[in-house]
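Working notes, beginning with the structure itself.
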Amino acid sequence: MSKKIVAIDMDDTICHLVPKAIHYHNAAYPDLQLSIDQVVSFDLSGIWHPECSEEIFFGRPNLYEELEIFDEHTIEEVRRIHEEHDVIIVTAARPSAVPEKWNWLQRHMPFIPFDNFFVGKRKYLLEFDLLIDDGPHNLLAAREAGKRTIGIPRPWNRTIQSEFLMKDSWDGMGELVNRVLSGPGFPAKG
């Protein structure tokens, strides 16, 4: 029997990107302090400082290598899922960030081989059985493509949280993944 493919997003799913970017934004623009609760969509242009841009916000050199692990359970749970399933890491990235993301992944999860590292924005085009992600557009597209999903609740996906199975910690994620993959249908919640 072949292993199921579990696609896992990086940013704000296994590591914290938006909080780190906000930290640097707030340091650069002390007159306009942002908080994560203000990030209610992926279009941040309406909330960041007028002198800021996506390139400034997400383009800081080495930003991606500085990101903190999502929580204390993340590495062990991803390892557990990797032992039972074929885990692929699927992340959207500007070209300059790809080496940083790969370096981060190898530093924290060296058990993920290069062949299982995918960079792409339209994740639903890949073959997988389950997607773990925070992006509402990714969760919606995966569901539309008939894929199972587990969402990571964030302010920017608040409007769809009631439609998807959500988990706010990696504690017990491996068990949840197994339950979702072995269960009938495509659960929205529970």
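By convention here, the chains of the structure tokens are called A, B, ... in the order presented, each chain's residues are numbered starting at 1, and ligands are numbered starting at 1 in the order presented.
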Residue contacts of Glu72 in chain A (12 Å, only C-alpha atoms) excluding same-chain residues fewer than 2 positions away, as a PDB file with N, CA, C and O atoms, in the first residue's frame:
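Now in out-v3.pdb:
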```pdb
ATOM      1  N   ILE A  14       4.095  26.025   9.994  1.00  0.00           N
ATOM      2  CA  ILE A  14       5.126  25.372  10.818  1.00  0.00           C
ATOM      3  C   ILE A  14       6.111  26.396  11.388  1.00  0.00           C
ATOM      4  O   ILE A  14       6.934  26.056  12.224  1.00  0.00           O
ATOM      5  N   CYS A  15       6.027  27.633  10.926  1.00  0.00           N
ATOM      6  CA  CYS A  15       6.867  28.706  11.469  1.00  0.00           C
ATOM      7  C   CYS A  15       6.071  30.012  11.412  1.00  0.00           C
ATOM      8  O   CYS A  15       5.059  30.103  10.737  1.00  0.00           O
ATOM      9  N   GLU A  68      10.602  31.644  13.868  1.00  0.00           N
ATOM     10  CA  GLU A  68      10.490  30.720  14.991  1.00  0.00           C
ATOM     11  C   GLU A  68       9.564  29.570  14.622  1.00  0.00           C
ATOM     12  O   GLU A  68       8.623  29.731  13.851  1.00  0.00           O
ATOM     13  N   ILE A  69       9.840  28.422  15.216  1.00  0.00           N
ATOM     14  CA  ILE A  69       8.989  27.236  15.061  1.00  0.00           C
ATOM     15  C   ILE A  69       7.583  27.596  15.557  1.00  0.00           C
ATOM     16  O   ILE A  69       7.437  28.342  16.528  1.00  0.00           O
ATOM     17  N   PHE A  70       6.560  27.033  14.928  1.00  0.00           N
ATOM     18  CA  PHE A  70       5.181  27.348  15.284  1.00  0.00           C
ATOM     19  C   PHE A  70       4.904  27.123  16.770  1.00  0.00           C
ATOM     20  O   PHE A  70       4.420  28.009  17.452  1.00  0.00           O
ATOM     21  N   THR A  74       5.716  21.130  17.048  1.00  0.00           N
ATOM     22  CA  THR A  74       5.753  21.109  15.586  1.00  0.00           C
ATOM     23  C   THR A  74       6.743  20.096  15.022  1.00  0.00           C
ATOM     24  O   THR A  74       6.374  19.255  14.193  1.00  0.00           O
ATOM     25  N   ILE A  75       7.995  20.167  15.434  1.00  0.00           N
ATOM     26  CA  ILE A  75       9.024  19.310  14.838  1.00  0.00           C
ATOM     27  C   ILE A  75       8.698  17.839  15.063  1.00  0.00           C
ATOM     28  O   ILE A  75       8.739  17.033  14.126  1.00  0.00           O
ATOM     29  N   GLU A  76       8.354  17.472  16.296  1.00  0.00           N
ATOM     30  CA  GLU A  76       8.080  16.067  16.580  1.00  0.00           C
ATOM     31  C   GLU A  76       6.839  15.568  15.849  1.00  0.00           C
ATOM     32  O   GLU A  76       6.814  14.443  15.352  1.00  0.00           O
ATOM     33  N   GLU A  77       5.821  16.400  15.740  1.00  0.00           N
ATOM     34  CA  GLU A  77       4.600  15.977  15.042  1.00  0.00           C
ATOM     35  C   GLU A  77       4.837  15.858  13.536  1.00  0.00           C
ATOM     36  O   GLU A  77       4.333  14.920  12.906  1.00  0.00           O
ATOM     37  N   VAL A  78       5.598  16.782  12.949  1.00  0.00           N
ATOM     38  CA  VAL A  78       5.917  16.659  11.525  1.00  0.00           C
ATOM     39  C   VAL A  78       6.750  15.403  11.302  1.00  0.00           C
ATOM     40  O   VAL A  78       6.529  14.660  10.342  1.00  0.00           O
ATOM     41  N   HIS A 108      15.797  22.945  10.980  1.00  0.00           N
ATOM     42  CA  HIS A 108      14.799  22.489  11.943  1.00  0.00           C
ATOM     43  C   HIS A 108      14.216  21.110  11.645  1.00  0.00           C
ATOM     44  O   HIS A 108      13.805  20.402  12.568  1.00  0.00           O
ATOM     45  N   SER A 169      -2.770  24.177  17.388  1.00  0.00           N
ATOM     46  CA  SER A 169      -1.497  23.711  17.930  1.00  0.00           C
ATOM     47  C   SER A 169      -1.099  22.449  17.171  1.00  0.00           C
ATOM     48  O   SER A 169      -1.951  21.727  16.656  1.00  0.00           O
ATOM     49  N   TRP A 170       0.203  22.183  17.132  1.00  0.00           N
ATOM     50  CA  TRP A 170       0.675  20.944  16.502  1.00  0.00           C
ATOM     51  C   TRP A 170       0.583  19.771  17.464  1.00  0.00           C
ATOM     52  O   TRP A 170       0.827  18.630  17.069  1.00  0.00           O
ATOM     53  N   ASP A 171       0.238  20.008  18.714  1.00  0.00           N
ATOM     54  CA  ASP A 171       0.089  18.930  19.684  1.00  0.00           C
ATOM     55  C   ASP A 171      -1.002  17.970  19.201  1.00  0.00           C
ATOM     56  O   ASP A 171      -2.148  18.365  19.014  1.00  0.00           O
ATOM     57  N   GLY A 172      -0.632  16.724  18.938  1.00  0.00           N
ATOM     58  CA  GLY A 172      -1.586  15.729  18.477  1.00  0.00           C
ATOM     59  C   GLY A 172      -1.928  15.804  16.993  1.00  0.00           C
ATOM     60  O   GLY A 172      -2.850  15.126  16.533  1.00  0.00           O
TER      61      GLY A 172
END
```
* Asked: Skipping near chain neighbours, those fewer than 3 positions away, what residues fall within 9 Å of Asp86 in chain A using only C-alpha atoms, listed as number ranges by chain?
  -> A: 3-7, 81-83, 116
* Excluding same-chain residues fewer than 2 positions from range 124-132 of chain A, what lies within 6 Å of it counting only C-alpha atoms, as a PyMOL selection string? -> chain A and resi 5-8+122+142+147-151
Any chance you could export the current selection's N, CA and C atoms as a PDB file, in the first residue's frame?
```
ATOM      1  N   ILE A   5      -0.055  11.198   0.773  1.00  0.00           N
ATOM      2  CA  ILE A   5       0.772  12.405   0.662  1.00  0.00           C
ATOM      3  C   ILE A   5       0.135  13.511   1.495  1.00  0.00           C
ATOM      4  N   VAL A   6       0.913  14.026   2.450  1.00  0.00           N
ATOM      5  CA  VAL A   6       0.470  15.120   3.305  1.00  0.00           C
ATOM      6  C   VAL A   6       1.286  16.353   2.931  1.00  0.00           C
ATOM      7  N   ALA A   7       0.610  17.353   2.386  1.00  0.00           N
ATOM      8  CA  ALA A   7       1.257  18.619   2.017  1.00  0.00           C
ATOM      9  C   ALA A   7       1.146  19.577   3.194  1.00  0.00           C
ATOM     10  N   ILE A   8       2.281  20.149   3.582  1.00  0.00           N
ATOM     11  CA  ILE A   8       2.315  21.071   4.718  1.00  0.00           C
ATOM     12  C   ILE A   8       2.909  22.395   4.265  1.00  0.00           C
ATOM     13  N   ARG A 122       0.142  28.000  -6.336  1.00  0.00           N
ATOM     14  CA  ARG A 122      -1.097  27.274  -6.620  1.00  0.00           C
ATOM     15  C   ARG A 122      -0.950  25.819  -6.170  1.00  0.00           C
ATOM     16  N   ALA A 142      -8.044  23.759  -2.299  1.00  0.00           N
ATOM     17  CA  ALA A 142      -7.832  22.331  -2.050  1.00  0.00           C
ATOM     18  C   ALA A 142      -9.174  21.620  -1.901  1.00  0.00           C
ATOM     19  N   LYS A 147      -9.641  17.725  -2.153  1.00  0.00           N
ATOM     20  CA  LYS A 147      -8.596  17.336  -1.197  1.00  0.00           C
ATOM     21  C   LYS A 147      -9.089  17.548   0.240  1.00  0.00           C
ATOM     22  N   ARG A 148      -8.554  16.780   1.138  1.00  0.00           N
ATOM     23  CA  ARG A 148      -8.846  16.954   2.566  1.00  0.00           C
ATOM     24  C   ARG A 148      -7.927  18.050   3.114  1.00  0.00           C
ATOM     25  N   THR A 149      -8.393  18.729   4.152  1.00  0.00           N
ATOM     26  CA  THR A 149      -7.629  19.852   4.694  1.00  0.00           C
ATOM     27  C   THR A 149      -7.694  19.893   6.218  1.00  0.00           C
ATOM     28  N   ILE A 150      -6.654  20.486   6.787  1.00  0.00           N
ATOM     29  CA  ILE A 150      -6.649  20.906   8.186  1.00  0.00           C
ATOM     30  C   ILE A 150      -6.135  22.336   8.162  1.00  0.00           C
ATOM     31  N   GLY A 151      -6.914  23.245   8.689  1.00  0.00           N
ATOM     32  CA  GLY A 151      -6.517  24.645   8.710  1.00  0.00           C
ATOM     33  C   GLY A 151      -5.843  25.027  10.015  1.00  0.00           C
TER      34      GLY A 151
END
```
Counting only C-alpha atoms, what is within 10 Å of Ser45 in chain A, bar same-chain residues fewer than 5 positions away, as a compact mmCIF listing (two decimals) with N, CA and C atoms, in the first residue's frame?
```txt
# COMPACT_ATOMS: atom_id res chain seq x y z
N PRO A 50 2.65 53.86 5.02
CA PRO A 50 2.62 54.25 3.61
C PRO A 50 3.96 54.09 2.89
N CYS A 52 5.96 51.61 3.43
CA CYS A 52 6.24 50.18 3.39
C CYS A 52 5.67 49.59 2.10
N SER A 53 6.16 48.42 1.74
CA SER A 53 5.67 47.69 0.57
C SER A 53 5.83 46.21 0.86
N GLU A 54 5.30 45.38 -0.02
CA GLU A 54 5.45 43.94 0.16
C GLU A 54 6.93 43.56 0.14
N PHE A 57 8.24 44.59 3.52
CA PHE A 57 7.64 43.80 4.60
C PHE A 57 8.16 42.37 4.61
```
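Between Ile89 in chain A and the residues A:Glu55, A:Asp71, A:Asp115, A:Glu163, the shortest atom-to-atom distance, using only C-alpha atoms, involves A:Asp115.
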* To do: as a VMD selection string, list the residues of range 119-155 of chain A assigned to strand (DSSP E) by DSSP on the backbone atoms of this structure.
  => chain A and resid 119 130 to 133 148 to 151
* Return as a ChimeraX atom specification the full set of residues in range 8-184 of chain A whose backbone-based DSSP assignment is alpha helix (DSSP H). => /A:18-28,54-58,74-84,98-108,136-144,173-182
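Shortest separation to Leu67 in chain A among A:Gly146, A:Pro19, A:Pro95, A:Pro30 occurs at residue A:Pro19, atoms counted being only C-alpha atoms.
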